[in-house]
Each structure stands twice: as C-alpha cells, then as structure tokens.
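**Student:** Structure file run.txt (compact mmCIF, C-alpha atoms and all ligand atoms) is given on the next line.
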```
# COMPACT_ATOMS: atom_id res chain seq x y z
CA MET E 174 90.99 13.54 -40.42
CA LEU E 175 88.68 12.77 -43.35
CA GLU E 176 84.98 13.51 -43.01
CA ILE E 177 82.43 12.66 -45.69
CA ASN E 178 78.98 14.18 -45.24
CA HIS E 179 75.94 13.11 -47.26
CA LEU E 180 78.04 12.56 -50.37
CA ARG E 181 76.20 11.81 -53.62
CA LYS E 182 77.50 10.96 -57.07
CA LEU E 183 74.92 10.45 -59.78
CA PHE E 184 75.77 9.75 -63.41
CA PRO E 185 73.30 10.85 -66.10
CA ALA E 186 71.81 7.95 -68.05
CA SER E 187 69.24 8.73 -70.73
CA ALA E 188 66.40 6.28 -71.24
CA GLY E 189 63.30 5.99 -73.41
CA THR E 190 63.03 6.29 -77.20
CA ILE E 191 64.48 8.85 -79.63
CA TRP E 192 61.05 10.55 -79.63
CA ARG E 193 60.66 10.61 -75.90
CA ARG E 194 63.86 10.80 -73.87
CA GLU E 195 63.73 10.45 -70.10
CA GLU E 196 66.44 11.94 -67.91
CA LYS E 197 67.53 9.24 -65.49
CA PHE E 198 70.52 8.82 -63.23
CA VAL E 199 72.77 6.01 -62.04
CA HIS E 200 72.84 6.35 -58.24
CA ALA E 201 76.47 5.28 -57.73
CA VAL E 202 76.99 6.94 -54.33
CA ASP E 203 73.86 8.08 -52.58
CA ASP E 204 73.97 9.94 -49.27
CA VAL E 205 77.14 8.42 -47.82
CA SER E 206 78.56 9.78 -44.57
CA LEU E 207 81.76 8.33 -43.10
CA THR E 208 84.81 9.43 -41.12
CA LEU E 209 88.41 8.23 -41.17
CA GLY E 210 90.66 9.06 -38.21
CA ALA E 211 94.44 9.45 -38.29
CA GLY E 212 96.07 6.01 -38.36
CA GLU E 213 92.70 4.29 -38.62
CA ILE E 214 91.86 1.44 -41.02
CA VAL E 215 88.26 1.46 -42.21
CA ALA E 216 87.03 -1.30 -44.51
CA LEU E 217 84.35 -0.47 -47.05
CA VAL E 218 82.74 -3.76 -48.01
CA GLY E 219 80.14 -4.58 -50.65
CA GLU E 220 79.56 -6.49 -53.86
CA SER E 221 80.85 -5.24 -57.23
CA GLY E 222 78.92 -2.27 -58.57
CA CYS E 223 77.72 -1.01 -55.18
CA GLY E 224 79.60 2.30 -55.54
CA LYS E 225 82.74 1.67 -53.45
CA SER E 226 85.21 2.59 -56.18
CA THR E 227 83.17 5.62 -57.28
CA LEU E 228 83.32 6.84 -53.69
CA ALA E 229 87.15 6.57 -53.72
CA LEU E 230 87.40 8.34 -57.10
CA THR E 231 85.14 11.13 -55.81
CA LEU E 232 87.29 11.53 -52.70
CA MET E 233 90.36 11.89 -54.94
CA GLY E 234 88.62 14.56 -57.03
CA LEU E 235 88.68 12.27 -60.09
CA GLU E 236 84.87 12.42 -60.14
CA LYS E 237 82.95 15.56 -59.22
CA PRO E 238 80.38 14.99 -56.46
CA THR E 239 76.72 15.76 -57.20
CA ALA E 240 76.03 16.81 -53.60
CA GLY E 241 77.47 16.57 -50.09
CA GLU E 242 80.83 17.60 -48.72
CA ILE E 243 84.31 16.19 -48.10
CA LEU E 244 86.40 17.67 -45.29
CA LEU E 245 90.12 16.99 -44.87
CA ASN E 246 91.39 18.10 -41.44
CA GLY E 247 88.33 20.36 -41.22
CA ARG E 248 88.90 22.00 -44.59
CA ASP E 249 86.21 21.67 -47.26
CA ILE E 250 87.88 20.06 -50.29
CA THR E 251 84.69 19.11 -52.14
CA HIS E 252 85.00 21.48 -55.06
CA LEU E 253 88.73 22.12 -55.28
CA HIS E 254 90.48 22.09 -58.62
CA GLY E 255 93.82 23.00 -60.17
CA ALA E 256 96.78 23.55 -57.84
CA GLU E 257 94.67 23.25 -54.67
CA LEU E 258 93.34 19.83 -55.70
CA LYS E 259 96.86 18.70 -56.63
CA ALA E 260 98.09 19.66 -53.14
CA VAL E 261 95.26 17.64 -51.56
CA ARG E 262 96.10 14.61 -53.72
CA ARG E 263 99.59 14.65 -52.22
CA GLN E 264 97.97 13.89 -48.85
CA MET E 265 95.58 11.25 -50.22
CA GLN E 266 96.96 8.57 -52.49
CA MET E 267 95.25 5.67 -54.22
CA ILE E 268 96.34 2.07 -54.59
CA PHE E 269 94.60 0.39 -57.50
CA GLN E 270 93.51 -3.21 -57.84
CA ASP E 271 95.62 -4.38 -60.74
CA PRO E 272 99.41 -4.02 -60.32
CA TYR E 273 99.83 -5.45 -63.84
CA GLU E 274 97.88 -2.57 -65.39
CA SER E 275 98.86 0.29 -63.10
CA LEU E 276 102.62 0.17 -63.81
CA ASN E 277 104.12 1.48 -67.05
CA PRO E 278 106.08 -1.49 -68.50
CA THR E 279 108.57 0.79 -70.29
CA MET E 280 109.70 2.56 -67.11
CA THR E 281 112.19 1.33 -64.51
CA ILE E 282 111.12 1.08 -60.87
CA ARG E 283 113.24 4.18 -60.14
CA GLN E 284 111.32 6.15 -62.78
CA ILE E 285 107.93 4.82 -61.67
CA VAL E 286 108.42 5.64 -57.99
CA GLY E 287 110.16 8.94 -58.78
CA GLU E 288 107.44 10.16 -61.17
CA PRO E 289 105.00 11.44 -58.49
CA LEU E 290 107.85 13.58 -57.05
CA GLN E 291 108.35 15.09 -60.51
CA VAL E 292 104.63 15.68 -61.05
CA HIS E 293 104.32 17.47 -57.70
CA GLY E 294 107.59 19.38 -58.13
CA LEU E 295 109.14 17.83 -55.01
CA ALA E 296 112.73 16.71 -54.34
CA GLN E 297 114.27 18.57 -57.31
CA ASP E 298 117.74 17.65 -56.09
CA ALA E 299 118.80 14.26 -57.57
CA THR E 300 120.33 12.96 -54.31
CA GLU E 301 117.25 13.83 -52.28
CA ARG E 302 114.98 12.27 -54.94
CA GLU E 303 117.01 9.05 -54.89
CA GLN E 304 116.86 8.95 -51.07
CA ARG E 305 113.09 9.37 -51.07
CA ILE E 306 112.65 6.66 -53.71
CA ILE E 307 114.86 4.27 -51.72
CA ARG E 308 113.00 5.01 -48.48
CA ALA E 309 109.61 4.45 -50.13
CA LEU E 310 110.74 1.13 -51.65
CA GLY E 311 112.15 0.02 -48.29
CA ASP E 312 108.96 0.99 -46.43
CA ALA E 313 106.94 -0.91 -49.04
CA GLY E 314 108.97 -4.03 -48.16
CA LEU E 315 111.20 -4.20 -51.27
CA LYS E 316 114.55 -4.99 -49.69
CA PRO E 317 117.27 -4.16 -50.39
CA PRO E 318 115.71 -1.25 -52.34
CA ALA E 319 118.82 -0.65 -54.45
CA ASN E 320 118.30 -4.06 -56.10
CA PHE E 321 114.98 -2.94 -57.57
CA LEU E 322 115.82 0.54 -58.86
CA GLY E 323 116.96 -0.46 -62.36
CA ARG E 324 114.47 -3.28 -62.89
CA TYR E 325 111.29 -3.25 -64.98
CA PRO E 326 107.79 -4.34 -63.82
CA HIS E 327 107.88 -7.54 -65.91
CA GLU E 328 110.90 -8.71 -63.90
CA LEU E 329 108.89 -8.66 -60.65
CA SER E 330 106.29 -10.98 -59.13
CA GLY E 331 102.67 -9.85 -58.60
CA GLY E 332 103.30 -9.12 -54.90
CA GLN E 333 106.45 -7.13 -55.68
CA ARG E 334 104.57 -5.10 -58.30
CA GLN E 335 101.86 -4.21 -55.81
CA ARG E 336 104.63 -3.15 -53.39
CA VAL E 337 105.98 -0.86 -56.14
CA VAL E 338 102.47 0.63 -56.50
CA ILE E 339 102.41 1.19 -52.72
CA ALA E 340 105.93 2.73 -52.85
CA SER E 341 104.74 5.18 -55.56
CA ALA E 342 102.01 6.27 -53.17
CA LEU E 343 104.33 6.43 -50.12
CA VAL E 344 106.96 8.54 -51.87
CA LEU E 345 104.67 11.58 -51.49
CA GLU E 346 104.33 10.85 -47.73
CA PRO E 347 100.52 10.88 -47.74
CA ALA E 348 98.34 10.85 -44.62
CA ILE E 349 95.65 8.68 -46.23
CA LEU E 350 95.72 5.69 -48.56
CA LEU E 351 92.61 4.80 -50.53
CA ALA E 352 93.22 1.15 -51.31
CA ASP E 353 90.78 -0.12 -53.96
CA GLU E 354 90.75 -3.94 -53.84
CA PRO E 355 94.55 -3.93 -53.38
CA VAL E 356 94.90 -7.68 -52.90
CA SER E 357 92.16 -9.20 -55.02
CA MET E 358 94.48 -9.79 -58.02
CA LEU E 359 97.17 -11.42 -55.87
CA ASP E 360 97.76 -15.02 -54.86
CA VAL E 361 96.32 -15.93 -51.47
CA SER E 362 99.81 -16.45 -50.00
CA ILE E 363 100.80 -12.88 -50.92
CA ARG E 364 97.59 -11.23 -49.73
CA ALA E 365 98.52 -11.57 -46.06
CA GLU E 366 101.92 -9.96 -46.75
CA ILE E 367 100.31 -6.90 -48.34
CA LEU E 368 97.73 -6.64 -45.54
CA ASN E 369 100.51 -6.85 -42.94
CA LEU E 370 102.40 -4.17 -44.83
CA LEU E 371 99.42 -1.79 -44.70
CA ALA E 372 99.01 -2.52 -40.98
CA GLU E 373 102.73 -1.80 -40.47
CA LEU E 374 102.47 1.50 -42.35
CA ARG E 375 99.73 2.56 -40.00
CA GLN E 376 102.14 1.93 -37.09
CA THR E 377 105.29 3.41 -38.61
CA ARG E 378 103.87 6.30 -40.64
CA HIS E 379 100.51 6.74 -38.88
CA ILE E 380 98.76 6.46 -42.25
CA ALA E 381 94.98 6.06 -42.36
CA VAL E 382 93.63 3.50 -44.83
CA LEU E 383 90.23 3.28 -46.48
CA PHE E 384 90.32 -0.35 -47.61
CA ILE E 385 87.78 -1.12 -50.33
CA THR E 386 86.91 -4.77 -50.86
CA HIS E 387 84.11 -7.11 -51.95
CA ASP E 388 85.53 -9.83 -49.69
CA LEU E 389 84.71 -9.43 -46.01
CA SER E 390 87.00 -12.30 -45.00
CA THR E 391 90.05 -10.42 -46.36
CA ILE E 392 89.59 -7.53 -44.03
CA ALA E 393 87.65 -8.95 -41.08
CA TYR E 394 90.55 -9.19 -38.63
CA PHE E 395 92.54 -6.26 -39.91
CA ALA E 396 90.26 -3.19 -39.97
CA ASP E 397 89.33 -1.02 -36.99
CA ARG E 398 85.84 -0.41 -38.37
CA ILE E 399 83.75 -1.94 -41.13
CA ALA E 400 81.22 -0.10 -43.31
CA VAL E 401 78.92 -2.34 -45.35
CA MET E 402 77.69 -0.77 -48.59
CA TYR E 403 74.74 -1.82 -50.73
CA LEU E 404 73.53 -0.06 -53.88
CA GLY E 405 75.27 3.25 -53.19
CA ARG E 406 74.50 3.44 -49.47
CA ILE E 407 76.16 2.36 -46.24
CA VAL E 408 73.68 0.00 -44.57
CA GLU E 409 75.70 -0.94 -41.47
CA LEU E 410 78.74 0.57 -39.78
CA GLY E 411 80.52 -0.49 -36.65
CA ARG E 412 83.73 -1.35 -34.86
CA THR E 413 85.02 -4.61 -36.34
CA ALA E 414 84.53 -6.81 -33.26
CA GLU E 415 81.05 -5.43 -32.59
CA LEU E 416 79.90 -5.82 -36.19
CA LEU E 417 81.31 -9.33 -36.58
CA GLN E 418 79.84 -10.57 -33.29
CA ASN E 419 76.50 -8.86 -33.65
CA PRO E 420 75.72 -8.16 -37.32
CA GLN E 421 72.26 -6.65 -37.66
CA HIS E 422 71.56 -5.86 -41.29
CA PRO E 423 70.44 -8.96 -43.25
CA TYR E 424 72.90 -8.07 -46.02
CA THR E 425 75.81 -8.03 -43.53
CA ARG E 426 74.59 -11.36 -42.17
CA ALA E 427 74.53 -12.82 -45.68
CA LEU E 428 78.10 -11.65 -46.32
CA LEU E 429 79.26 -13.09 -43.00
CA SER E 430 77.48 -16.40 -43.52
CA VAL E 431 79.65 -17.25 -46.55
CA MET E 432 82.91 -16.27 -44.85
CA PRO E 433 85.22 -19.28 -44.35
CA VAL E 434 85.69 -20.28 -40.69
CA PRO E 435 89.11 -21.50 -39.49
CA ASN E 436 87.64 -24.43 -37.54
CA PRO E 437 86.34 -27.10 -40.01
CA ARG E 438 84.09 -28.60 -37.27
CA GLN E 439 82.31 -25.29 -36.82
CA LYS E 440 79.30 -25.17 -39.15
CA ARG E 441 77.64 -21.95 -40.17
CA ALA E 442 74.27 -21.75 -41.97
CA ARG E 443 74.96 -20.17 -45.35
CA MET E 444 72.56 -17.46 -46.42
CA ILE E 445 72.56 -17.25 -50.21
CA LEU E 446 70.82 -14.15 -51.50
CA GLN E 447 68.33 -14.72 -54.30
CA GLY E 448 68.02 -12.50 -57.37
CA GLU E 449 70.26 -9.93 -58.95
CA THR E 450 71.29 -6.57 -57.52
CA PRO E 451 68.61 -4.08 -58.68
CA ASN E 452 69.42 -1.63 -61.45
CA PRO E 453 70.99 1.50 -59.86
CA ILE E 454 69.02 3.61 -62.40
CA ASP E 455 65.62 2.30 -61.26
CA LEU E 456 66.07 1.86 -57.53
CA PRO E 457 63.48 -0.13 -55.60
CA THR E 458 61.12 1.92 -53.45
CA GLY E 459 61.44 1.70 -49.67
CA CYS E 460 64.47 -0.29 -48.54
CA ARG E 461 66.80 -0.88 -51.51
CA PHE E 462 67.53 -4.37 -50.27
CA HIS E 463 63.88 -5.48 -50.02
CA PRO E 464 63.65 -7.42 -53.36
CA ARG E 465 66.42 -9.75 -52.09
CA CYS E 466 65.87 -9.60 -48.35
CA PRO E 467 64.83 -12.95 -46.84
CA VAL E 468 63.14 -11.27 -43.85
CA ALA E 469 61.44 -8.30 -45.51
CA ILE E 470 58.17 -7.12 -43.99
CA THR E 471 55.39 -5.17 -45.74
CA ALA E 472 56.75 -1.80 -44.66
CA CYS E 473 60.10 -2.54 -46.35
CA ALA E 474 58.63 -2.04 -49.85
CA THR E 475 57.47 1.50 -49.10
CA ALA E 476 59.46 3.01 -46.21
CA ASP E 477 63.19 3.74 -46.38
CA PRO E 478 64.69 2.50 -43.08
CA ALA E 479 66.43 4.99 -40.80
CA GLN E 480 69.79 4.32 -39.15
CA HIS E 481 69.23 2.63 -35.79
CA ALA E 482 72.04 2.93 -33.23
CA LEU E 483 72.98 -0.30 -31.47
CA SER E 484 75.80 1.36 -29.53
CA PRO E 485 77.68 4.67 -29.86
CA SER E 486 79.90 3.02 -32.50
CA HIS E 487 77.51 0.66 -34.29
CA TRP E 488 74.38 1.31 -36.36
CA ALA E 489 72.33 -0.44 -39.01
CA ALA E 490 69.67 0.82 -41.42
CA CYS E 491 66.93 -1.80 -41.17
CA HIS E 492 63.32 -1.65 -39.91
CA LEU E 493 63.78 -4.86 -37.96
CA VAL E 494 66.71 -3.64 -35.91
CA ALA E 495 64.50 -1.33 -33.88
CA SER E 496 61.79 -3.97 -33.42
CA ALA E 497 64.28 -6.71 -32.41
CA GLU E 498 62.45 -9.23 -34.62
CA LEU E 499 65.52 -9.88 -36.71
CA ALA E 500 67.46 -12.38 -34.62
CA PRO E 501 64.79 -15.09 -34.35
CA GLN E 502 63.99 -14.92 -38.05
CA LEU E 503 67.52 -15.47 -39.39
FE1 LIG Y 601 65.30 -6.36 -45.09
FE2 LIG Y 601 63.33 -4.66 -44.51
FE3 LIG Y 601 65.60 -4.58 -43.13
FE4 LIG Y 601 65.53 -3.75 -45.65
S1 LIG Y 601 64.46 -2.84 -43.91
S2 LIG Y 601 67.06 -5.03 -44.73
S3 LIG Y 601 64.09 -5.20 -46.53
S4 LIG Y 601 64.13 -6.26 -43.19
```
As structure tokens - that is how I would like this structure written.

**Tutor:**
Amino acid sequence: MLEINHLRKLFPASAGTIWRREEKFVHAVDDVSLTLGAGEIVALVGESGCGKSTLALTLMGLEKPTAGEILLNGRDITHLHGAELKAVRRQMQMIFQDPYESLNPTMTIRQIVGEPLQVHGLAQDATEREQRIIRALGDAGLKPPANFLGRYPHELSGGQRQRVVIASALVLEPAILLADEPVSMLDVSIRAEILNLLAELRQTRHIAVLFITHDLSTIAYFADRIAVMYLGRIVELGRTAELLQNPQHPYTRALLSVMPVPNPRQKRARMILQGETPNPIDLPTGCRFHPRCPVAITACATADPAQHALSPSHWAACHLVASAELAPQL
C-alpha cells in the first residue's frame, strides 16, 4: 500500500565563521526504503533524534523530501501539493505523542473530532457529521460516545484524550495511521489499552499502522515487522519473531539487551552503548555506528556496510553479518 524508496530529507545547517561559511546538512532521513501493507503494523524503532519523526512528517507532506519517492497504492505522491496533497492526507493520518498538546482546550470533543470533516469538506449534512463523529469516538473506545460529545479535553484522563486524538484521525476513515510515539506520554497501565485499540482497528477497519517508538519493549509483541533505525538509516528490518529471536545488528542487540523480560529468573547480559550519538551534520565515515559499536572491525571505519539478507524477510546492514563472526563476539 505504502512504498518508500530511497527517501532522503536533509536540512541545511550553515557552519564555519562569518568570513568563511560552509554549507552543511543535517542528515535526518538518509536513503530509507520501507513498505507498509494493508492492515500491517510496522514498528520503526530507534533512539530520539534518529530521524523517525522526520520520516513520518515527510510521508505526510509536512516536510518536502530532498530525494527518493513515496508511492501510495502505486501512485507517486512525493511532490504533491495543494488539493492533491490534501486528498492524500485524508488516507494517511497522524497520531502525535502528546495528547495534552494536540487537543485545543477551548473546543468540545464534538468540535475537535468534527473539525477534520469540515477541513476536508466532508459530511456537510449535520446528521451525517454527528453520526460520523459518534462512530469514530465509539471505534476509538470512548463509550458511550454521546457522553463525551459536549465535554472539554481537561475533563478527560490522558488515555481518553489520546483516544480523542485517534477518533479525530479515524473520522476521515484513513487507510494508514502514522503513530508517532502514541503511548510514551501515557501511564503504563493505559499503554496496553491504546496498543490493543490500534490492533483492533487493524482487524475491524483493516488500517495499516506505522508505529514510531524509541522503546522496543512497547511494540515487540504487537508489530508484524520491526525496522530498526540509527542516525537516519534503517540498519535492520525483519518479521518481528525472526528479528527478536535472531537479532543481527549490534545496535538491535543493544536495544534488545535492555528490554525487560517477564521471567525474573531469566538473566540477560545488558549491553550498554558507550558514547553519544554522532552529530548528524558530521556523520562518521564507513558504518555510522562504528564509534559506538562494541564489535567494530577495521573495515567499519572506512566501508559503509551493505544490507545482508538473512532470509527473504530479514536483513541487516553490518559487515559481520556476512562473515558470521558476530554471534561469538557478543
Ligand atoms: Fe559494528 Fe562494523 Fe557492523 Fe557497523 S558494520 S555495526 S561498526 S560491526
């Protein structure tokens, strides 16, 4: 349904002195390719600042890509604007991280959820608009929906507010949800409810979800596939079970090593990465992960690793994957 090919988003960042300016760029998204099938949930995982959110904003047309292409049902939507872009946004909706910030406190829930219909010129008839608002609230798990219509965001809990955000997306009946850290601001007890809701929507509405998160444990048992992103690039991609059982990239292994395990008797060696994430303006040569990689070899500082396939649905970009030296060293 959604196909991203070699997408790049660079932001200009001048450096140097006032006498000698240097044109440099922040490499926010750098050669990312990914697909999202109908009804599929793909998790995009990586630490803050790795480019996940910029990727979502670029898909929505809120940032213009520097290079690459975005196809929606085979149609190139990379450079759309105006009415054509607006029509595409109806099919792809975003859920933002902070339900406290993304709802207008002066509007009632009816107005908030009804606003996208107004913006897109849909459901002009008042009865039809009300029906669509009620259906969206019900599908977002706010029951009975009529009880919420006249309320304001401050009268709701954090979980209910995030459900209102989801209802505002659902009211346009999109095919894809781009969920940017949708549960990270919520209490742990409510996170599972929102995750279950997204899983339910996939069943009932056949909605595809690109779930962006810095926390692998949130998504590990919920996504169909996981893409691990580091410094603007996807470094490992695979079906969830395959990737969790056989992680190959050292960065994926580090993320997995700090994931809590349900059995307290089961011990896992924690792999704590040393050093800071490199500056995305001055990227390291060779493999971008090499300054922090505990198993880097000489070639890592000069040669950019290719993607090595481990199965038809699992690959990792690391020199050691091909040479099979990785497992004994970690
Ligand atoms: Fe580490 Fe080298 Fe693999 Fe990069 S290519 S992840 S530096 S071993």

**Student:** Within 10 Å of Leu183 (chain E), counting all atoms listed in the file, which residues show up once you throw out same-chain ones fewer than 3 positions away? Write them as a list in words, please.

**Tutor:**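 Residues near the query, excluding close chain neighbours: Ala186, Lys197, Phe198, Val199, His200, Ala201, Val202, Asp203, Thr227, Lys237, Pro238, Thr239, Ala240, Gly405, Pro453 and Ile454 of chain E.
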
**Student:** List all protein, DNA and RNA residues that have an atom no more than 7 Å from any atom of ligand LIG 601 (chain Y), counting all atoms listed in the file, and report them as a PyMOL selection string.

**Tutor:** chain E and resi 422-424+460-463+466-470+473+478+490-493

**Student:** Check which residues of region 228-323 of chain E sit at most 9 Å from region 363-387 of chain E using all atoms listed in the file, and return one row each with the closest pair of atoms and their distance in Å to one decimal, ordered by chain and rising number, as CSV.

**Tutor:**
```
residue,atom,partner,partner_atom,distance
E:Ala229,CA,E:Ile385,CA,8.4
E:Asp312,CA,E:Leu374,CA,7.7
E:Ala313,CA,E:Leu370,CA,7.0
E:Gly314,CA,E:Leu370,CA,7.4
```

**Student:** Between E:Leu351, E:Glu415, E:Arg441, E:Ile407, which is the closest to Ile268 (chain E) once you count all atoms listed in the file?

**Tutor:**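 Under the stated criterion, the closest residue is E:Leu351.
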
**Student:** Under the rule that all atoms listed in the file are counted, which of E:Arg406, E:Gln284, E:Ala260, E:Ala414 is the nearest residue to Lys182 (chain E)?

**Tutor:**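 Using all atoms listed in the file, Lys182 (chain E) sits closest to E:Arg406.
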
**Student:** Restricting the calculation to only C-alpha atoms: of E:Arg443, E:Leu389, E:Arg336, E:Glu328, which residue gets closest to Leu416 (chain E)?

**Tutor:**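 The shortest atom-to-atom distance to Leu416 (chain E) comes from E:Leu389.
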
**Student:** Which residues come within 12 Å of Leu253 (chain E), counting all atoms listed in the file, excluding same-chain residues fewer than 5 positions away, as a ChimeraX atom specification?

**Tutor:** /E:231-238,242-245,248,258-262

**Student:** Tell me, in Å to one decimal, how far CA of Ala479 (chain E) is from CA of Glu449 (chain E).

**Tutor:**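 So the answer is 23.8 Å.
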
**Student:** Which one is closest to Asp388 (chain E): E:Val218, E:Ala474, E:Ile177, E:Leu315? Count all atoms listed in the file.

**Tutor:** E:Val218

**Student:** Rounded to one decimal in Å, what is the spacing between CA of Pro433 (chain E) and CA of Ile399 (chain E)?

**Tutor:**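 Result for CA of Pro433 (chain E) versus CA of Ile399 (chain E): 17.7 Å, one decimal.
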
**Student:** To one decimal place in Å, what is the distance between CA of Met280 (chain E) and CA of Asp298 (chain E)?

**Tutor:**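 According to the coordinates, CA of Met280 (chain E) and CA of Asp298 (chain E) are separated by 20.3 Å.
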
**Student:** Got a minute to add N, CA, C and O atoms to region 187-206 of chain E and dump it as an mmCIF file, keeping the file's coordinate frame?

**Tutor:**
```
data_model
loop_
_atom_site.group_PDB
_atom_site.id
_atom_site.type_symbol
_atom_site.label_atom_id
_atom_site.label_comp_id
_atom_site.auth_asym_id
_atom_site.auth_seq_id
_atom_site.Cartn_x
_atom_site.Cartn_y
_atom_site.Cartn_z
ATOM 1 N N SER E 187 70.495 8.488 -70.015
ATOM 2 C CA SER E 187 69.240 8.730 -70.730
ATOM 3 C C SER E 187 68.527 7.419 -70.980
ATOM 4 O O SER E 187 69.152 6.384 -71.198
ATOM 5 N N ALA E 188 67.204 7.475 -70.953
ATOM 6 C CA ALA E 188 66.400 6.280 -71.240
ATOM 7 C C ALA E 188 65.236 6.681 -72.131
ATOM 8 O O ALA E 188 65.064 7.856 -72.441
ATOM 9 N N GLY E 189 64.469 5.709 -72.572
ATOM 10 C CA GLY E 189 63.300 5.990 -73.410
ATOM 11 C C GLY E 189 63.630 5.806 -74.885
ATOM 12 O O GLY E 189 64.581 5.120 -75.250
ATOM 13 N N THR E 190 62.843 6.437 -75.757
ATOM 14 C CA THR E 190 63.030 6.290 -77.200
ATOM 15 C C THR E 190 63.594 7.595 -77.758
ATOM 16 O O THR E 190 63.709 8.587 -77.024
ATOM 17 N N ILE E 191 63.925 7.614 -79.075
ATOM 18 C CA ILE E 191 64.480 8.850 -79.630
ATOM 19 C C ILE E 191 63.402 9.944 -79.676
ATOM 20 O O ILE E 191 63.700 11.114 -79.761
ATOM 21 N N TRP E 192 62.117 9.547 -79.626
ATOM 22 C CA TRP E 192 61.050 10.550 -79.630
ATOM 23 C C TRP E 192 60.770 11.074 -78.229
ATOM 24 O O TRP E 192 60.363 12.195 -78.046
ATOM 25 N N ARG E 193 60.990 10.203 -77.270
ATOM 26 C CA ARG E 193 60.660 10.610 -75.900
ATOM 27 C C ARG E 193 61.781 10.181 -74.956
ATOM 28 O O ARG E 193 61.822 9.045 -74.501
ATOM 29 N N ARG E 194 62.731 11.106 -74.744
ATOM 30 C CA ARG E 194 63.860 10.800 -73.870
ATOM 31 C C ARG E 194 63.475 11.068 -72.427
ATOM 32 O O ARG E 194 62.748 12.026 -72.137
ATOM 33 N N GLU E 195 63.966 10.233 -71.541
ATOM 34 C CA GLU E 195 63.730 10.450 -70.100
ATOM 35 C C GLU E 195 65.072 10.676 -69.448
ATOM 36 O O GLU E 195 66.020 9.918 -69.709
ATOM 37 N N GLU E 196 65.185 11.706 -68.632
ATOM 38 C CA GLU E 196 66.440 11.940 -67.910
ATOM 39 C C GLU E 196 66.465 11.049 -66.677
ATOM 40 O O GLU E 196 65.638 11.212 -65.787
ATOM 41 N N LYS E 197 67.397 10.107 -66.667
ATOM 42 C CA LYS E 197 67.530 9.240 -65.490
ATOM 43 C C LYS E 197 68.956 9.306 -64.980
ATOM 44 O O LYS E 197 69.833 9.815 -65.681
ATOM 45 N N PHE E 198 69.181 8.758 -63.813
ATOM 46 C CA PHE E 198 70.520 8.820 -63.230
ATOM 47 C C PHE E 198 70.918 7.483 -62.602
ATOM 48 O O PHE E 198 70.082 6.798 -62.011
ATOM 49 N N VAL E 199 72.210 7.164 -62.754
ATOM 50 C CA VAL E 199 72.770 6.010 -62.040
ATOM 51 C C VAL E 199 73.148 6.521 -60.642
ATOM 52 O O VAL E 199 73.939 7.456 -60.515
ATOM 53 N N HIS E 200 72.567 5.914 -59.620
ATOM 54 C CA HIS E 200 72.840 6.350 -58.240
ATOM 55 C C HIS E 200 74.054 5.565 -57.724
ATOM 56 O O HIS E 200 73.914 4.572 -57.043
ATOM 57 N N ALA E 201 75.257 6.032 -58.089
ATOM 58 C CA ALA E 201 76.470 5.280 -57.730
ATOM 59 C C ALA E 201 76.789 5.429 -56.247
ATOM 60 O O ALA E 201 77.064 4.444 -55.560
ATOM 61 N N VAL E 202 76.770 6.668 -55.772
ATOM 62 C CA VAL E 202 76.990 6.940 -54.330
ATOM 63 C C VAL E 202 75.825 7.819 -53.909
ATOM 64 O O VAL E 202 75.580 8.856 -54.522
ATOM 65 N N ASP E 203 75.104 7.387 -52.885
ATOM 66 C CA ASP E 203 73.860 8.080 -52.580
ATOM 67 C C ASP E 203 73.726 8.337 -51.077
ATOM 68 O O ASP E 203 73.361 7.453 -50.324
ATOM 69 N N ASP E 204 74.092 9.531 -50.666
ATOM 70 C CA ASP E 204 73.970 9.940 -49.270
ATOM 71 C C ASP E 204 74.875 9.130 -48.339
ATOM 72 O O ASP E 204 74.414 8.489 -47.396
ATOM 73 N N VAL E 205 76.162 9.156 -48.644
ATOM 74 C CA VAL E 205 77.140 8.420 -47.820
ATOM 75 C C VAL E 205 77.830 9.382 -46.851
ATOM 76 O O VAL E 205 78.322 10.434 -47.260
ATOM 77 N N SER E 206 77.825 9.022 -45.584
ATOM 78 C CA SER E 206 78.560 9.780 -44.570
ATOM 79 C C SER E 206 79.502 8.806 -43.851
ATOM 80 O O SER E 206 79.087 7.698 -43.482
#
```
